[in-house]
Amino acid sequence: MRTVSAAELRSVLHHRMLIERLRQSFRAGVEAPPPHRHRVETYGSNDATLLLAPAWQVNQSIGLRIDTVFPDNAGGDLPQTQGVYLLADGKTGVPQALLDSSAALARRSGAASSALAASYLARPDAERLLVVGTGPLALELVEAHTAVRTIRHVLVWGRDLQKAKRLAARFHRPKFRIEATGDLEGAVRGADIVACATTAREPLIRGDWLRPGQHLELLGGVTPEMREADDGCIRRSRVFVDCRDRTPVEAGDIAQPLASGLLTVDDIAGDLFDLGRGERAGRRFYDQITLFKSVGTALADLCAAQMAVEMVLHNDSIR
């Protein structure tokens with residue numbers, strides 16, 4: 001069984017290739033039961049969580065993402081979320097590879113899924129990207145979106161402006177300019193694509209900030225209690241999700257408007273499966289505001305793991 005390191009993952013999972021691989025996978029579909037979450041008691045201040053997310057393609061591959069979340073790690077030098085991804089042969093069940101750092105794999109696949117949605121929903125001439133949040137996903141979002149649109153100017157906003165500046169300073173790309181901003185409202189108003197990846201529990205993005213033709217992506221807010229955008233954003237947008245089965249239940253940005261009656265299930269225009277198969281149209285006109293809400297899918301993790309192992313084994317064979 002091959003072990004794939006986090007460094008190897010980063011070197012072989014190129015965003016443009018992964019986005020196109022994801023497009024094909026959403027067209028074909030996979031079996032992806034709901035993730036299993038288990039509370040794990042600890043001797044610390046907070047209990048931990050064990051997350052198991054399986055997915056498989058008949059006669060091809062079986063994948064299992066195994067994550068642990070230890071909130072008390074925040075007080076030390078360890079990440080709160082750690083894990084691995086196990087990939088097995090779909091015909092025999094024989095384990096093929098163990099991928100180090102499923103968190104890195106998930107960030108890469110999450111950013112690729114977001115950019116895939118943007119390829120359907122953002123205007124073709126979108127040039128200005130705003131990334132809201134300075135966590136590990138922020139860098140991936142910049143890389144992924146510049147692979148699907150000709151982005152000329154990137155702004156990064158975070159609650160800590162200095163952290164946003166440090167993140168922007170990590171890019172040295174001649175094709176686009178990137179800088180930090182402390183003016184969230186102004187940045188939203190000026191952006192063509194707004195990509196949010198935060199742990200906000202109260203809305204950061206206001207509907208009256210949005211202008212015609214924008215595309216808004218919400219990748220944080222992965223529990224029913226969390227929100228990144230207010231009801232005004234939902235009211236003004238054509239709403240899409242990554243997965244019809246899970247997102248309306250798990251994501252506060254969708255679950256809360258559904259509970260209040262502001263949004264109905266029929267108001268959700270489609271998911272990535274619908275878009276990939278051409279069963280739902282994406283952006284229908286230039287001035288439309290589109291909104292995409294993601295909680296992550298096991299399909300994306302399986303797709304990224306398959307591609308990573310194929311690329312690593314190919315590199316091994318030519319050495």
# chains A, B, ... in the order shown; residues from 1 in each chain; ligands from 1
>>> residues_around(residues="Ser114 in chain A", least_positions_apart="4", cutoff="10 Å", atoms="only C-alpha atoms", output="list in words")
Ile19, Ser109, Gly110, Ala118, Ser119, Leu141, Ala144, His145, Ala195, Glu217, Leu218, Leu219, Asp242, Leu272, Phe292, Lys293, Ser294 and Gly296 of chain A
>>> residues_around(residues="Thr150 in chain A", least_positions_apart="2", cutoff="10 Å", atoms="only C-alpha atoms", output="MDAnalysis selection string")
chainID A and resid 124:128 145:148 152:153 175:176
>>> residues_around(residues="Leu98 in chain A", least_positions_apart="6", cutoff="8 Å", atoms="only C-alpha atoms", output="MDAnalysis selection string")
chainID A and resid 1:4 84:87
>>> closest_atom_pairs(of="range 91-209 of chain A", to="range 53-66 of chain A", cutoff="12 Å", atoms="only C-alpha atoms", output="JSON lines")
{"residue": "A:Lys91", "atom": "CA", "partner": "A:Asn59", "partner_atom": "CA", "distance": 4.7}
{"residue": "A:Thr92", "atom": "CA", "partner": "A:Asn59", "partner_atom": "CA", "distance": 8.4}
{"residue": "A:Gly93", "atom": "CA", "partner": "A:Ile62", "partner_atom": "CA", "distance": 7.5}
{"residue": "A:Val94", "atom": "CA", "partner": "A:Ile62", "partner_atom": "CA", "distance": 9.5}
{"residue": "A:Pro95", "atom": "CA", "partner": "A:Ile62", "partner_atom": "CA", "distance": 8.9}
{"residue": "A:Gln96", "atom": "CA", "partner": "A:Ser61", "partner_atom": "CA", "distance": 9.3}
{"residue": "A:Ala97", "atom": "CA", "partner": "A:Gly63", "partner_atom": "CA", "distance": 9.7}
{"residue": "A:Leu98", "atom": "CA", "partner": "A:Leu64", "partner_atom": "CA", "distance": 9.8}
{"residue": "A:Leu99", "atom": "CA", "partner": "A:Arg65", "partner_atom": "CA", "distance": 9.4}
{"residue": "A:Asp100", "atom": "CA", "partner": "A:Ile66", "partner_atom": "CA", "distance": 10.6}
{"residue": "A:Ser101", "atom": "CA", "partner": "A:Ile66", "partner_atom": "CA", "distance": 9.7}
{"residue": "A:Ser102", "atom": "CA", "partner": "A:Arg65", "partner_atom": "CA", "distance": 6.7}
{"residue": "A:Ala103", "atom": "CA", "partner": "A:Arg65", "partner_atom": "CA", "distance": 9.3}
{"residue": "A:Ala104", "atom": "CA", "partner": "A:Arg65", "partner_atom": "CA", "distance": 11.7}
{"residue": "A:Leu105", "atom": "CA", "partner": "A:Arg65", "partner_atom": "CA", "distance": 9.6}
{"residue": "A:Ala106", "atom": "CA", "partner": "A:Arg65", "partner_atom": "CA", "distance": 9.1}
>>> residues_around(residues="Glu228 in chain A", least_positions_apart="3", cutoff="8 Å", atoms="only C-alpha atoms", output="list in words")
Cys196, Thr198, Ala200, Arg201, Glu202, Pro203, Leu204, Ile205, Leu218, Gly220, Gly221 and Asp253 of chain A
>>> select_by_dssp(residues="range 183-319 of chain A", states="alpha helix (DSSP H)", output="JSON, numbers by chain")
{"A": [184, 185, 186, 187, 188, 189, 190, 231, 232, 233, 234, 235, 236, 247, 248, 249, 250, 252, 253, 254, 255, 256, 257, 258, 259, 260, 272, 273, 274, 275, 276, 277, 298, 299, 300, 301, 302, 303, 304, 305, 306, 307, 308, 309, 310, 311, 312, 313, 314, 315, 316, 317]}
>>> residues_around(residues="Thr264 in chain A", least_positions_apart="3", cutoff="12 Å", atoms="only C-alpha atoms", output="MDAnalysis selection string")
chainID A and resid 234:235 239 248 254:261 267:269
>>> select_by_dssp(residues="range 214-291 of chain A", states="strand (DSSP E or B)", output="list in words")
His215, Leu216, Glu217, Leu218, Ala229, Arg238, Val239, Phe240, Val241, Ile268, Ala269, Gly270, Asp271, Thr290 and Leu291 of chain A
>>> write_last_selection(atoms="N, CA, C and O atoms", output="PDB file, in the first residue's frame")
ATOM      1  N   HIS A 215     -21.439  36.907  -8.136  1.00  0.00           N
ATOM      2  CA  HIS A 215     -21.538  35.512  -7.719  1.00  0.00           C
ATOM      3  C   HIS A 215     -20.990  35.403  -6.305  1.00  0.00           C
ATOM      4  O   HIS A 215     -19.860  35.822  -6.035  1.00  0.00           O
ATOM      5  N   LEU A 216     -21.789  34.840  -5.392  1.00  0.00           N
ATOM      6  CA  LEU A 216     -21.434  34.710  -3.984  1.00  0.00           C
ATOM      7  C   LEU A 216     -21.305  33.239  -3.623  1.00  0.00           C
ATOM      8  O   LEU A 216     -22.216  32.444  -3.896  1.00  0.00           O
ATOM      9  N   GLU A 217     -20.176  32.880  -3.021  1.00  0.00           N
ATOM     10  CA  GLU A 217     -19.938  31.501  -2.573  1.00  0.00           C
ATOM     11  C   GLU A 217     -19.765  31.471  -1.065  1.00  0.00           C
ATOM     12  O   GLU A 217     -19.019  32.272  -0.504  1.00  0.00           O
ATOM     13  N   LEU A 218     -20.427  30.508  -0.430  1.00  0.00           N
ATOM     14  CA  LEU A 218     -20.374  30.357   1.019  1.00  0.00           C
ATOM     15  C   LEU A 218     -19.860  28.962   1.335  1.00  0.00           C
ATOM     16  O   LEU A 218     -20.563  27.974   1.152  1.00  0.00           O
ATOM     17  N   ALA A 229     -23.965  34.667   5.405  1.00  0.00           N
ATOM     18  CA  ALA A 229     -24.719  35.657   4.637  1.00  0.00           C
ATOM     19  C   ALA A 229     -26.105  35.821   5.251  1.00  0.00           C
ATOM     20  O   ALA A 229     -26.687  34.857   5.769  1.00  0.00           O
ATOM     21  N   ARG A 238     -30.221  33.719  -6.999  1.00  0.00           N
ATOM     22  CA  ARG A 238     -30.609  32.392  -7.472  1.00  0.00           C
ATOM     23  C   ARG A 238     -29.683  31.407  -6.764  1.00  0.00           C
ATOM     24  O   ARG A 238     -28.462  31.468  -6.912  1.00  0.00           O
ATOM     25  N   VAL A 239     -30.259  30.507  -5.978  1.00  0.00           N
ATOM     26  CA  VAL A 239     -29.507  29.716  -5.013  1.00  0.00           C
ATOM     27  C   VAL A 239     -29.182  28.325  -5.560  1.00  0.00           C
ATOM     28  O   VAL A 239     -30.059  27.613  -6.066  1.00  0.00           O
ATOM     29  N   PHE A 240     -27.913  27.942  -5.416  1.00  0.00           N
ATOM     30  CA  PHE A 240     -27.433  26.607  -5.754  1.00  0.00           C
ATOM     31  C   PHE A 240     -26.693  26.023  -4.551  1.00  0.00           C
ATOM     32  O   PHE A 240     -26.183  26.768  -3.707  1.00  0.00           O
ATOM     33  N   VAL A 241     -26.603  24.714  -4.478  1.00  0.00           N
ATOM     34  CA  VAL A 241     -25.878  24.029  -3.399  1.00  0.00           C
ATOM     35  C   VAL A 241     -24.982  22.962  -4.012  1.00  0.00           C
ATOM     36  O   VAL A 241     -25.124  22.618  -5.197  1.00  0.00           O
ATOM     37  N   ILE A 268     -34.400  26.174  -4.491  1.00  0.00           N
ATOM     38  CA  ILE A 268     -33.003  25.809  -4.749  1.00  0.00           C
ATOM     39  C   ILE A 268     -32.895  25.382  -6.204  1.00  0.00           C
ATOM     40  O   ILE A 268     -33.470  24.372  -6.622  1.00  0.00           O
ATOM     41  N   ALA A 269     -32.176  26.175  -6.984  1.00  0.00           N
ATOM     42  CA  ALA A 269     -32.183  25.997  -8.440  1.00  0.00           C
ATOM     43  C   ALA A 269     -31.490  24.720  -8.893  1.00  0.00           C
ATOM     44  O   ALA A 269     -31.803  24.183  -9.954  1.00  0.00           O
ATOM     45  N   GLY A 270     -30.528  24.217  -8.114  1.00  0.00           N
ATOM     46  CA  GLY A 270     -29.827  23.015  -8.521  1.00  0.00           C
ATOM     47  C   GLY A 270     -28.605  22.767  -7.671  1.00  0.00           C
ATOM     48  O   GLY A 270     -28.254  23.578  -6.810  1.00  0.00           O
ATOM     49  N   ASP A 271     -27.952  21.632  -7.892  1.00  0.00           N
ATOM     50  CA  ASP A 271     -26.695  21.326  -7.212  1.00  0.00           C
ATOM     51  C   ASP A 271     -25.638  20.996  -8.259  1.00  0.00           C
ATOM     52  O   ASP A 271     -25.880  21.111  -9.466  1.00  0.00           O
ATOM     53  N   THR A 290     -25.999  35.208  -8.333  1.00  0.00           N
ATOM     54  CA  THR A 290     -26.023  33.778  -8.031  1.00  0.00           C
ATOM     55  C   THR A 290     -25.342  33.520  -6.696  1.00  0.00           C
ATOM     56  O   THR A 290     -24.409  34.224  -6.310  1.00  0.00           O
ATOM     57  N   LEU A 291     -25.835  32.507  -5.989  1.00  0.00           N
ATOM     58  CA  LEU A 291     -25.283  32.121  -4.685  1.00  0.00           C
ATOM     59  C   LEU A 291     -25.070  30.618  -4.676  1.00  0.00           C
ATOM     60  O   LEU A 291     -25.954  29.853  -5.062  1.00  0.00           O
TER      61      LEU A 291
END
>>> residues_around(residues="Arg37 in chain A", least_positions_apart="2", cutoff="7 Å", atoms="only C-alpha atoms", output="list of chain:residue names")
A:Pro35, A:Arg39, A:Thr49, A:Leu50, A:Leu51, A:Leu52
>>> closest_residue(among="A:Arg211, A:Arg16, A:Arg177, A:Arg149", to="Tyr120 in chain A", atoms="only C-alpha atoms")
A:Arg149
>>> atom_distance(atom1="CA of Ile289 in chain A", atom2="CA of Trp209 in chain A")
11.7 Å
>>> atom_distance(atom1="CA of Leu184 in chain A", atom2="CA of Glu225 in chain A")
22.4 Å
